[in-house]
Every structure is written in structure tokens, then in C-alpha cells.
>>> print(open('query-v1.txt').read())   # compact mmCIF, N, CA and C atoms
# COMPACT_ATOMS: atom_id res chain seq x y z
N MET I 1 9.12 34.25 -11.03
CA MET I 1 10.46 34.79 -10.84
C MET I 1 10.91 35.38 -12.17
N ARG I 2 11.36 36.61 -12.13
CA ARG I 2 11.74 37.30 -13.36
C ARG I 2 13.26 37.37 -13.53
N LEU I 3 13.87 36.22 -13.64
CA LEU I 3 15.30 36.14 -13.93
C LEU I 3 15.54 35.00 -14.90
N GLU I 4 16.38 35.26 -15.89
CA GLU I 4 16.73 34.21 -16.85
C GLU I 4 17.68 33.21 -16.19
N LYS I 5 17.68 31.99 -16.69
CA LYS I 5 18.53 30.94 -16.12
C LYS I 5 20.00 31.32 -16.16
N ILE I 6 20.43 32.00 -17.22
CA ILE I 6 21.84 32.39 -17.32
C ILE I 6 22.21 33.39 -16.23
N VAL I 7 21.29 34.30 -15.90
CA VAL I 7 21.52 35.28 -14.83
C VAL I 7 21.60 34.57 -13.49
N ILE I 8 20.68 33.64 -13.25
CA ILE I 8 20.70 32.87 -12.00
C ILE I 8 22.01 32.10 -11.89
N GLY I 9 22.45 31.52 -12.98
CA GLY I 9 23.71 30.77 -12.97
C GLY I 9 24.90 31.64 -12.61
N LYS I 10 24.96 32.84 -13.16
CA LYS I 10 26.06 33.76 -12.85
C LYS I 10 26.04 34.16 -11.38
N ILE I 11 24.84 34.44 -10.87
CA ILE I 11 24.72 34.82 -9.46
C ILE I 11 25.17 33.67 -8.56
N LYS I 12 24.67 32.47 -8.83
CA LYS I 12 25.03 31.32 -8.00
C LYS I 12 26.53 31.05 -8.05
N ASP I 13 27.11 31.09 -9.24
CA ASP I 13 28.56 30.87 -9.36
C ASP I 13 29.34 31.88 -8.54
N ALA I 14 28.96 33.16 -8.65
CA ALA I 14 29.68 34.22 -7.94
C ALA I 14 29.51 34.08 -6.42
N VAL I 15 28.32 33.71 -5.97
CA VAL I 15 28.09 33.51 -4.54
C VAL I 15 28.94 32.35 -4.03
N TYR I 16 28.90 31.22 -4.73
CA TYR I 16 29.66 30.05 -4.29
C TYR I 16 31.16 30.32 -4.28
N GLU I 17 31.65 31.07 -5.29
CA GLU I 17 33.08 31.42 -5.34
C GLU I 17 33.48 32.34 -4.20
N SER I 18 32.55 33.15 -3.72
CA SER I 18 32.85 34.16 -2.71
C SER I 18 32.50 33.74 -1.29
N PHE I 19 31.43 32.96 -1.13
CA PHE I 19 30.94 32.61 0.21
C PHE I 19 30.93 31.11 0.48
N GLY I 20 31.22 30.30 -0.51
CA GLY I 20 31.14 28.86 -0.33
C GLY I 20 29.74 28.35 -0.63
N ASN I 21 29.47 27.13 -0.23
CA ASN I 21 28.19 26.48 -0.51
C ASN I 21 27.14 26.94 0.50
N VAL I 22 26.40 27.98 0.15
CA VAL I 22 25.38 28.56 1.03
C VAL I 22 24.04 28.58 0.31
N ASN I 23 22.96 28.71 1.08
CA ASN I 23 21.64 28.89 0.49
C ASN I 23 21.51 30.32 -0.01
N ILE I 24 20.92 30.47 -1.20
CA ILE I 24 20.74 31.77 -1.82
C ILE I 24 19.25 31.97 -2.04
N TYR I 25 18.72 33.08 -1.53
CA TYR I 25 17.30 33.37 -1.65
C TYR I 25 17.09 34.65 -2.44
N LEU I 26 16.25 34.58 -3.45
CA LEU I 26 15.82 35.75 -4.18
C LEU I 26 14.60 36.29 -3.46
N PHE I 27 14.55 37.61 -3.25
CA PHE I 27 13.37 38.21 -2.63
C PHE I 27 13.14 39.57 -3.27
N GLY I 28 12.07 40.22 -2.91
CA GLY I 28 11.78 41.54 -3.45
C GLY I 28 10.99 41.47 -4.75
N SER I 29 11.06 42.55 -5.52
CA SER I 29 10.21 42.70 -6.70
C SER I 29 10.46 41.66 -7.78
N ARG I 30 11.67 41.11 -7.85
CA ARG I 30 11.98 40.12 -8.90
C ARG I 30 11.28 38.78 -8.69
N THR I 31 10.66 38.58 -7.54
CA THR I 31 9.91 37.35 -7.31
C THR I 31 8.48 37.46 -7.83
N ASP I 32 8.06 38.66 -8.19
CA ASP I 32 6.69 38.90 -8.65
C ASP I 32 6.68 39.03 -10.17
N ASP I 33 6.07 38.06 -10.84
CA ASP I 33 6.02 38.06 -12.30
C ASP I 33 5.20 39.20 -12.88
N MET I 34 4.37 39.84 -12.08
CA MET I 34 3.51 40.92 -12.56
C MET I 34 4.21 42.28 -12.55
N LYS I 35 5.31 42.40 -11.85
CA LYS I 35 6.02 43.68 -11.76
C LYS I 35 7.04 43.79 -12.87
N LYS I 36 7.48 45.01 -13.12
CA LYS I 36 8.49 45.29 -14.15
C LYS I 36 9.72 45.90 -13.49
N GLY I 37 10.88 45.64 -14.08
CA GLY I 37 12.12 46.28 -13.63
C GLY I 37 12.50 45.87 -12.22
N GLY I 38 13.27 46.74 -11.59
CA GLY I 38 13.70 46.50 -10.22
C GLY I 38 15.06 45.86 -10.15
N ASP I 39 15.74 46.12 -9.05
CA ASP I 39 17.04 45.50 -8.85
C ASP I 39 16.85 44.06 -8.40
N ILE I 40 17.93 43.34 -8.30
CA ILE I 40 17.90 41.96 -7.84
C ILE I 40 18.30 41.96 -6.37
N ASP I 41 17.44 41.42 -5.53
CA ASP I 41 17.70 41.33 -4.10
C ASP I 41 17.92 39.87 -3.74
N ILE I 42 19.09 39.58 -3.15
CA ILE I 42 19.34 38.23 -2.69
C ILE I 42 19.80 38.26 -1.24
N ALA I 43 19.43 37.21 -0.54
CA ALA I 43 19.88 37.01 0.85
C ALA I 43 20.59 35.67 0.89
N ILE I 44 21.68 35.64 1.64
CA ILE I 44 22.38 34.37 1.83
C ILE I 44 22.41 34.05 3.31
N ASP I 45 22.42 32.78 3.60
CA ASP I 45 22.39 32.29 4.97
C ASP I 45 23.81 31.87 5.35
N VAL I 46 24.56 32.80 5.97
CA VAL I 46 25.97 32.56 6.25
C VAL I 46 26.32 33.12 7.62
N ASN I 47 27.21 32.45 8.33
CA ASN I 47 27.64 32.91 9.65
C ASN I 47 29.00 33.59 9.53
N LEU I 48 28.98 34.88 9.28
CA LEU I 48 30.19 35.69 9.17
C LEU I 48 30.01 36.96 9.98
N THR I 49 31.12 37.51 10.44
CA THR I 49 31.05 38.83 11.07
C THR I 49 30.73 39.85 9.99
N ALA I 50 30.34 41.04 10.41
CA ALA I 50 30.03 42.10 9.45
C ALA I 50 31.24 42.41 8.58
N THR I 51 32.43 42.43 9.17
CA THR I 51 33.65 42.71 8.41
C THR I 51 33.92 41.61 7.39
N GLN I 52 33.81 40.36 7.81
CA GLN I 52 34.02 39.24 6.89
C GLN I 52 33.01 39.27 5.75
N PHE I 53 31.75 39.58 6.09
CA PHE I 53 30.72 39.63 5.06
C PHE I 53 31.04 40.72 4.04
N ARG I 54 31.46 41.90 4.51
CA ARG I 54 31.80 42.99 3.58
C ARG I 54 32.93 42.58 2.64
N LYS I 55 33.96 41.93 3.17
CA LYS I 55 35.08 41.48 2.33
C LYS I 55 34.61 40.48 1.28
N ASN I 56 33.79 39.53 1.70
CA ASN I 56 33.28 38.54 0.76
C ASN I 56 32.30 39.16 -0.24
N LYS I 57 31.57 40.18 0.20
CA LYS I 57 30.66 40.88 -0.70
C LYS I 57 31.44 41.55 -1.83
N ILE I 58 32.58 42.14 -1.50
CA ILE I 58 33.42 42.75 -2.53
C ILE I 58 33.90 41.68 -3.51
N LYS I 59 34.33 40.54 -3.00
CA LYS I 59 34.73 39.43 -3.88
C LYS I 59 33.57 39.01 -4.78
N PHE I 60 32.38 38.95 -4.20
CA PHE I 60 31.18 38.58 -4.96
C PHE I 60 30.95 39.55 -6.11
N LEU I 61 31.01 40.85 -5.83
CA LEU I 61 30.77 41.85 -6.87
C LEU I 61 31.84 41.80 -7.95
N VAL I 62 33.09 41.58 -7.55
CA VAL I 62 34.18 41.43 -8.53
C VAL I 62 33.94 40.19 -9.39
N ASN I 63 33.55 39.09 -8.77
CA ASN I 63 33.26 37.87 -9.53
C ASN I 63 32.13 38.08 -10.52
N LEU I 64 31.11 38.81 -10.13
CA LEU I 64 30.02 39.12 -11.06
C LEU I 64 30.52 39.96 -12.22
N PHE I 65 31.34 40.95 -11.92
CA PHE I 65 31.90 41.82 -12.96
C PHE I 65 32.69 40.99 -13.97
N LYS I 66 33.47 40.05 -13.49
CA LYS I 66 34.26 39.18 -14.37
C LYS I 66 33.37 38.30 -15.25
N LYS I 67 32.13 38.11 -14.85
CA LYS I 67 31.19 37.30 -15.62
C LYS I 67 30.32 38.17 -16.54
N ASP I 68 30.74 39.43 -16.74
CA ASP I 68 29.99 40.39 -17.58
C ASP I 68 28.57 40.60 -17.08
N PHE I 69 28.40 40.63 -15.78
CA PHE I 69 27.10 40.85 -15.15
C PHE I 69 26.90 42.34 -14.99
N ASP I 70 25.83 42.88 -15.56
CA ASP I 70 25.65 44.33 -15.53
C ASP I 70 24.29 44.77 -14.98
N LEU I 71 23.69 43.95 -14.13
CA LEU I 71 22.42 44.31 -13.50
C LEU I 71 22.66 44.75 -12.06
N LYS I 72 21.79 45.65 -11.57
CA LYS I 72 21.93 46.11 -10.18
C LYS I 72 21.50 44.98 -9.25
N ILE I 73 22.37 44.70 -8.28
CA ILE I 73 22.10 43.60 -7.36
C ILE I 73 22.46 44.01 -5.94
N ASP I 74 21.63 43.62 -5.00
CA ASP I 74 21.89 43.83 -3.57
C ASP I 74 21.96 42.46 -2.91
N ILE I 75 22.96 42.30 -2.04
CA ILE I 75 23.11 41.04 -1.31
C ILE I 75 23.15 41.35 0.17
N VAL I 76 22.39 40.59 0.95
CA VAL I 76 22.37 40.79 2.40
C VAL I 76 22.62 39.45 3.09
N ASN I 77 23.13 39.55 4.30
CA ASN I 77 23.33 38.37 5.14
C ASN I 77 22.06 38.17 5.96
N TYR I 78 21.32 37.14 5.64
CA TYR I 78 20.05 36.87 6.32
C TYR I 78 20.22 36.79 7.83
N ASN I 79 21.33 36.26 8.29
CA ASN I 79 21.55 36.05 9.73
C ASN I 79 21.74 37.33 10.52
N THR I 80 22.08 38.43 9.88
CA THR I 80 22.34 39.66 10.62
C THR I 80 21.28 40.73 10.40
N LYS I 81 20.22 40.42 9.71
CA LYS I 81 19.19 41.42 9.43
C LYS I 81 18.16 41.47 10.55
N ASP I 82 17.54 42.66 10.69
CA ASP I 82 16.53 42.82 11.72
C ASP I 82 15.28 42.01 11.38
N SER I 83 14.42 41.83 12.36
CA SER I 83 13.27 40.95 12.20
C SER I 83 12.30 41.44 11.13
N LEU I 84 12.19 42.75 10.92
CA LEU I 84 11.28 43.27 9.91
C LEU I 84 11.74 42.86 8.51
N LEU I 85 13.03 43.00 8.21
CA LEU I 85 13.54 42.59 6.91
C LEU I 85 13.47 41.07 6.77
N LYS I 86 13.74 40.35 7.84
CA LYS I 86 13.64 38.88 7.78
C LYS I 86 12.22 38.46 7.41
N LYS I 87 11.23 39.12 7.98
CA LYS I 87 9.83 38.80 7.66
C LYS I 87 9.55 39.08 6.19
N GLN I 88 10.08 40.19 5.67
CA GLN I 88 9.89 40.52 4.26
C GLN I 88 10.55 39.46 3.37
N ILE I 89 11.74 39.05 3.74
CA ILE I 89 12.44 38.02 2.97
C ILE I 89 11.66 36.71 3.00
N GLU I 90 11.22 36.30 4.19
CA GLU I 90 10.50 35.04 4.34
C GLU I 90 9.17 35.05 3.60
N LYS I 91 8.57 36.23 3.47
CA LYS I 91 7.26 36.35 2.84
C LYS I 91 7.28 35.91 1.38
N ASN I 92 8.33 36.27 0.64
CA ASN I 92 8.32 35.95 -0.79
C ASN I 92 9.63 35.36 -1.30
N ALA I 93 10.46 34.87 -0.41
CA ALA I 93 11.77 34.35 -0.83
C ALA I 93 11.64 33.09 -1.68
N ILE I 94 12.51 33.01 -2.68
CA ILE I 94 12.61 31.84 -3.53
C ILE I 94 14.04 31.34 -3.46
N LEU I 95 14.21 30.09 -3.07
CA LEU I 95 15.54 29.48 -3.04
C LEU I 95 15.99 29.26 -4.47
N ILE I 96 17.18 29.79 -4.80
CA ILE I 96 17.68 29.60 -6.17
C ILE I 96 18.91 28.72 -6.18
>>> encode(input="query-v1.txt", output="C-alpha cells")
Amino acid sequence: MRLEKIVIGKIKDAVYESFGNVNIYLFGSRTDDMKKGGDIDIAIDVNLTATQFRKNKIKFLVNLFKKDFDLKIDIVNYNTKDSLLKKQIEKNAILI
């Protein structure tokens, strides 16, 4: 996993502040120690409508900004993604 502990801490804090106590999974290129660069892809396991998720996602991004977080990050709701993306997430996901 190519993330420093301080970065993981900021992500977890912002997720918990915005979505509550949920599971957070890192997936994508940042799970591969052999790759370079790439954005941070996280999936959370939460039961929200699409509208509720978007509102909480905005809170999440604001919370990250307040923590001086300046890396590109994508967050998805694992429960609403299609089966192809779910398979990709399950293939290399790391619970953080």
C-alpha cells in the first residue's frame, strides 16, 4: 500500500466525520507497491441514497481540505456500484 500513515489518518478522520463509523477500503493503483503515482481510490460500505451520499461526499471533501489534504482522491459507495466495479474493488481492496 502506497500511503503514509498520516495520509491514511486524515482520510479516516474525514470519512468518519462525514459518514460515521463505516468500513473504508483502499483499491486501485495505490494498493500496488510496484506502481508509481495515481489518485487515491476509496470505497465505503454505507446505506445512503445517491442524494445523501453526494451531500456527505461534499462534507468529506471539505473535511479533507480543512486537514490540508492536497492529493487527488475518489470516493465511491460500494453498495451502489455495478458488479464489474465491485469485482475490481474486491480484487485488491485493503481495509484501512
>>> atom_distance(input="query-v1.txt", atom1="atom N of Ile44 in chain I", atom2="CA of Gly9 in chain I")
15.5 Å
>>> select_by_dssp(input="query-v1.txt", residues="chain I", states="strand (DSSP E)", output="number ranges by chain")
I: 24-27, 40-44, 73-77, 94-95
>>> closest_residue(input="query-v1.txt", among="I:Asn79, I:Ser18, I:Thr31, I:Thr51", to="Ala93 in chain I", atoms="only N, CA and C atoms")
I:Thr31
>>> axis_aligned_box(input="query-v1.txt", around="range 83-89 of chain I", padding_each_side="6 Å", output="JSON")
{"center_x": 12.0, "center_y": 40.0, "center_z": 7.7, "size_x": 16.9, "size_y": 18.6, "size_z": 21.4}
>>> select_by_dssp(input="query-v1.txt", residues="range 45-93 of chain I", states="alpha helix (DSSP H)", output="short mmCIF file (atom, residue, chain, number, x, y, z; two decimals) with N, CA and C atoms, in the coordinates of the input")
data_model
loop_
_atom_site.label_atom_id
_atom_site.label_comp_id
_atom_site.auth_asym_id
_atom_site.auth_seq_id
_atom_site.Cartn_x
_atom_site.Cartn_y
_atom_site.Cartn_z
N ALA I 50 30.34 41.04 10.41
CA ALA I 50 30.03 42.10 9.45
C ALA I 50 31.24 42.41 8.58
N THR I 51 32.43 42.43 9.17
CA THR I 51 33.65 42.71 8.41
C THR I 51 33.92 41.61 7.39
N GLN I 52 33.81 40.36 7.81
CA GLN I 52 34.02 39.24 6.89
C GLN I 52 33.01 39.27 5.75
N PHE I 53 31.75 39.58 6.09
CA PHE I 53 30.72 39.63 5.06
C PHE I 53 31.04 40.72 4.04
N ARG I 54 31.46 41.90 4.51
CA ARG I 54 31.80 42.99 3.58
C ARG I 54 32.93 42.58 2.64
N LYS I 55 33.96 41.93 3.17
CA LYS I 55 35.08 41.48 2.33
C LYS I 55 34.61 40.48 1.28
N ASN I 56 33.79 39.53 1.70
CA ASN I 56 33.28 38.54 0.76
C ASN I 56 32.30 39.16 -0.24
N LYS I 57 31.57 40.18 0.20
CA LYS I 57 30.66 40.88 -0.70
C LYS I 57 31.44 41.55 -1.83
N ILE I 58 32.58 42.14 -1.50
CA ILE I 58 33.42 42.75 -2.53
C ILE I 58 33.90 41.68 -3.51
N LYS I 59 34.33 40.54 -3.00
CA LYS I 59 34.73 39.43 -3.88
C LYS I 59 33.57 39.01 -4.78
N PHE I 60 32.38 38.95 -4.20
CA PHE I 60 31.18 38.58 -4.96
C PHE I 60 30.95 39.55 -6.11
N LEU I 61 31.01 40.85 -5.83
CA LEU I 61 30.77 41.85 -6.87
C LEU I 61 31.84 41.80 -7.95
N VAL I 62 33.09 41.58 -7.55
CA VAL I 62 34.18 41.43 -8.53
C VAL I 62 33.94 40.19 -9.39
N ASN I 63 33.55 39.09 -8.77
CA ASN I 63 33.26 37.87 -9.53
C ASN I 63 32.13 38.08 -10.52
N LEU I 64 31.11 38.81 -10.13
CA LEU I 64 30.02 39.12 -11.06
C LEU I 64 30.52 39.96 -12.22
N PHE I 65 31.34 40.95 -11.92
CA PHE I 65 31.90 41.82 -12.96
C PHE I 65 32.69 40.99 -13.97
N LYS I 66 33.47 40.05 -13.49
CA LYS I 66 34.26 39.18 -14.37
C LYS I 66 33.37 38.30 -15.25
N SER I 83 14.42 41.83 12.36
CA SER I 83 13.27 40.95 12.20
C SER I 83 12.30 41.44 11.13
N LEU I 84 12.19 42.75 10.92
CA LEU I 84 11.28 43.27 9.91
C LEU I 84 11.74 42.86 8.51
N LEU I 85 13.03 43.00 8.21
CA LEU I 85 13.54 42.59 6.91
C LEU I 85 13.47 41.07 6.77
N LYS I 86 13.74 40.35 7.84
CA LYS I 86 13.64 38.88 7.78
C LYS I 86 12.22 38.46 7.41
N LYS I 87 11.23 39.12 7.98
CA LYS I 87 9.83 38.80 7.66
C LYS I 87 9.55 39.08 6.19
N GLN I 88 10.08 40.19 5.67
CA GLN I 88 9.89 40.52 4.26
C GLN I 88 10.55 39.46 3.37
N ILE I 89 11.74 39.05 3.74
CA ILE I 89 12.44 38.02 2.97
C ILE I 89 11.66 36.71 3.00
N GLU I 90 11.22 36.30 4.19
CA GLU I 90 10.50 35.04 4.34
C GLU I 90 9.17 35.05 3.60
N LYS I 91 8.57 36.23 3.47
CA LYS I 91 7.26 36.35 2.84
C LYS I 91 7.28 35.91 1.38
N ASN I 92 8.33 36.27 0.64
CA ASN I 92 8.32 35.95 -0.79
C ASN I 92 9.63 35.36 -1.30
#
